[in-house]
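To start, the structure under review is shown below, and the notes come after it.
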Amino acid sequence: MVGAVDVVEVRAVDPADDAGVLRRALTAHHVPPELRCGESRLQCALLVNCLGAWSPLLSAKIGVADPTEPVRRQIALCDVRRMDWPADVDVGTLGMIVDASNVYFHPEGPHFLAGYSVPDEPPGYDFTYDDVAFFERHVWPRLAHRCSMFERCRHVGGWAGLYAVTPDRSGIAGLVDGFANLFEAHSFTGRGVMQSYGVAVARAELITTGRFSALDLRALHRSRFADPSRWVKEDLHI
């Protein structure tokens with residue numbers, strides 16, 4: 001039960017100095033001293049927002065509107081009986097498979113890991129796993145339709161995490177307008193591992209030289225959201 005909610009009204013200020021340099025970011029709201037449990041500040045000469053689903057929280061602290069939304073993604077583990085495996089296939093050597101139904105799966109230890117992006121999943125910081133109901137409604141039918149070895153598989157468990165989702169489902173990268181030292185690289189919506197190396201190299205180049213050369217990421221700048229024709233649309237959303 002919520003006993004009380006403290007609302008603190010503060011005067012809006014520019015967190016950057018006259019040169020556009022971001023000097024610091026407050027990580028906790030000011031509260032009356034008697035209610036203060038602690039306060040910390042990030043002292044920074046350079047700041048890169050790479051917080052993924054939590055990027056809007058940092059952006060809000062420095063007055064930047066962030067189009068990213070945290071959206072729950074669930075993953076299930078299932079067990080496939082050895083007798084149901086194809087005799088001529090070494091299942092353990094299979095890589096990640098993304099089906100046309102948008103379910104994806106791959107071997108995970110003695111089990112199979114499978115996930116599916118529920119189209120109408122509401123945004124929010126939700127880590128609840130819907131257990132066997134998620135598996136039987138969204139995952140199992142798609143697996144069984146694709147491959148007969150999954151027809152009699154058994155739900156083992158699963159978990160939920162967060163994706164950082166933008167309007168076009170592509171990441172945000174670049175120097176934030178209005179700041180000389182605030183960069184960002186986040187919201188790659190499940191493709192961060194695949195794109196991380198290239199984004200990191202390009203980000204380092206932008207920070208050290210002020211421009212892109214080997215890999216131009218200007219198409220991923222947040223300014224594109226003001227014009228839908230500039231969106232970098234990603235249709236494969238696992």
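Labels used: A, B, ... for chains in the order of the structure tokens, numbers from 1 for residues in each chain, and numbers from 1 for ligands as shown.
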Inset, instruction - Please identify all polymer residues within 9 Å of Val232 of chain A, counting only C-alpha atoms, omitting same-chain residues fewer than 2 positions from it, and present them as a list in words. - result: Asp168, Arg169, Ser170, Gly171, Ala219, Leu220, Arg224, Pro228, Ser229, Arg230 and Glu234 of chain A
So that I have them on file, write out the residues from the current selection with C-alpha atoms, as a PDB file, in the first residue's frame.
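Contents of again-v8.pdb, freshly written:
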ATOM      1  CA  ASP A 168      10.389   2.614 -36.066  1.00  0.00           C
ATOM      2  CA  ARG A 169      11.907  -0.201 -33.981  1.00  0.00           C
ATOM      3  CA  SER A 170      15.464   0.834 -34.822  1.00  0.00           C
ATOM      4  CA  GLY A 171      18.119   2.162 -32.490  1.00  0.00           C
ATOM      5  CA  ALA A 219      20.368   7.853 -40.194  1.00  0.00           C
ATOM      6  CA  LEU A 220      19.921   6.708 -36.569  1.00  0.00           C
ATOM      7  CA  ARG A 224      14.475  11.380 -37.653  1.00  0.00           C
ATOM      8  CA  PRO A 228       8.225   9.611 -40.600  1.00  0.00           C
ATOM      9  CA  SER A 229       9.735   9.497 -44.085  1.00  0.00           C
ATOM     10  CA  ARG A 230      13.173   9.366 -42.400  1.00  0.00           C
ATOM     11  CA  GLU A 234      12.615  -2.695 -38.928  1.00  0.00           C
TER      12      GLU A 234
END
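Residues in contact with Arg146 of chain A at up to 12 Å, not including ones fewer than 5 positions away on its chain and judged by only C-alpha atoms, are Ile97, Val98, Asp99, Ala100, Ser101, Asn102, Val103, Tyr104, Phe105, Val139, Trp140, Pro141 and Glu151 of chain A.
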Selection to disk with N, CA and C atoms, as a JSON list (two decimals), in the first residue's frame:
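Output file again.json is given in full below:
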[["chain", "number", "residue", "atom", "x", "y", "z"],
["A", 97, "ILE", "N", 17.16, -19.89, -35.14],
["A", 97, "ILE", "CA", 16.24, -19.94, -36.27],
["A", 97, "ILE", "C", 15.09, -18.97, -35.99],
["A", 98, "VAL", "N", 14.82, -18.07, -36.93],
["A", 98, "VAL", "CA", 13.70, -17.14, -36.84],
["A", 98, "VAL", "C", 12.67, -17.55, -37.86],
["A", 99, "ASP", "N", 11.52, -17.99, -37.40],
["A", 99, "ASP", "CA", 10.46, -18.48, -38.29],
["A", 99, "ASP", "C", 9.67, -17.32, -38.89],
["A", 100, "ALA", "N", 9.00, -17.60, -40.00],
["A", 100, "ALA", "CA", 8.17, -16.57, -40.65],
["A", 100, "ALA", "C", 7.03, -16.12, -39.75],
["A", 101, "SER", "N", 6.68, -16.91, -38.75],
["A", 101, "SER", "CA", 5.63, -16.52, -37.80],
["A", 101, "SER", "C", 6.16, -15.59, -36.71],
["A", 102, "ASN", "N", 7.46, -15.27, -36.77],
["A", 102, "ASN", "CA", 8.16, -14.39, -35.81],
["A", 102, "ASN", "C", 8.50, -15.06, -34.50],
["A", 103, "VAL", "N", 8.28, -16.37, -34.38],
["A", 103, "VAL", "CA", 8.82, -17.08, -33.23],
["A", 103, "VAL", "C", 10.28, -17.43, -33.56],
["A", 104, "TYR", "N", 11.14, -17.36, -32.58],
["A", 104, "TYR", "CA", 12.53, -17.75, -32.80],
["A", 104, "TYR", "C", 12.91, -18.81, -31.78],
["A", 105, "PHE", "N", 13.87, -19.66, -32.13],
["A", 105, "PHE", "CA", 14.27, -20.72, -31.21],
["A", 105, "PHE", "C", 15.69, -21.18, -31.53],
["A", 139, "VAL", "N", 3.85, -19.53, -28.22],
["A", 139, "VAL", "CA", 5.07, -20.18, -28.68],
["A", 139, "VAL", "C", 4.83, -21.58, -29.24],
["A", 140, "TRP", "N", 4.21, -22.42, -28.45],
["A", 140, "TRP", "CA", 4.06, -23.83, -28.84],
["A", 140, "TRP", "C", 3.34, -24.01, -30.19],
["A", 141, "PRO", "N", 2.22, -23.37, -30.44],
["A", 141, "PRO", "CA", 1.55, -23.57, -31.74],
["A", 141, "PRO", "C", 2.44, -23.22, -32.92],
["A", 151, "GLU", "N", 5.88, -31.03, -31.53],
["A", 151, "GLU", "CA", 4.46, -31.31, -31.29],
["A", 151, "GLU", "C", 4.22, -31.80, -29.87]]
Inset, instruction - Per DSSP on the backbone, filter segment 1-237 of chain A down to the residues in strand (DSSP E or B) and report them as a PyMOL selection string. - result: chain A and resi 16+22+24-26+41-43+47-49+69-79+97-98+103-108+111-116+123+154-165+172-175+182-186
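Atom pair atom CA of His145 of chain A / atom CA of Asp120 of chain A: separated by 22.0 Å.
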Inset, instruction - Write out as JSON, numbers by chain which residues come within 10 Å of Asp130 of chain A when counting only C-alpha atoms, dropping same-chain ones fewer than 6 positions away. - result: {"A": [74, 75, 76, 157, 158, 159, 160]}
Since we have the selection now, will you write its residues out, keeping C-alpha atoms, as a PDB file, in the first residue's frame?
ATOM      1  CA  GLN A  74       9.126 -13.193 -22.677  1.00  0.00           C
ATOM      2  CA  ILE A  75      11.273 -16.248 -23.348  1.00  0.00           C
ATOM      3  CA  ALA A  76      10.325 -19.871 -22.752  1.00  0.00           C
ATOM      4  CA  GLY A 157      10.186 -22.522 -17.552  1.00  0.00           C
ATOM      5  CA  GLY A 158      11.052 -19.058 -18.741  1.00  0.00           C
ATOM      6  CA  TRP A 159      11.529 -15.438 -17.844  1.00  0.00           C
ATOM      7  CA  ALA A 160      10.727 -11.894 -18.905  1.00  0.00           C
TER       8      ALA A 160
END
Legend entry - All helix (DSSP H, G or I) residues (DSSP, backbone) inside segment 84-133 of chain A, as a PyMOL selection string: chain A and resi 84+91-93+131-133
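If you measure from each of A:Asp216, A:Phe112, A:Leu22, A:His155 to Asp131 of chain A using only C-alpha atoms, the closest one turns out to be A:His155.
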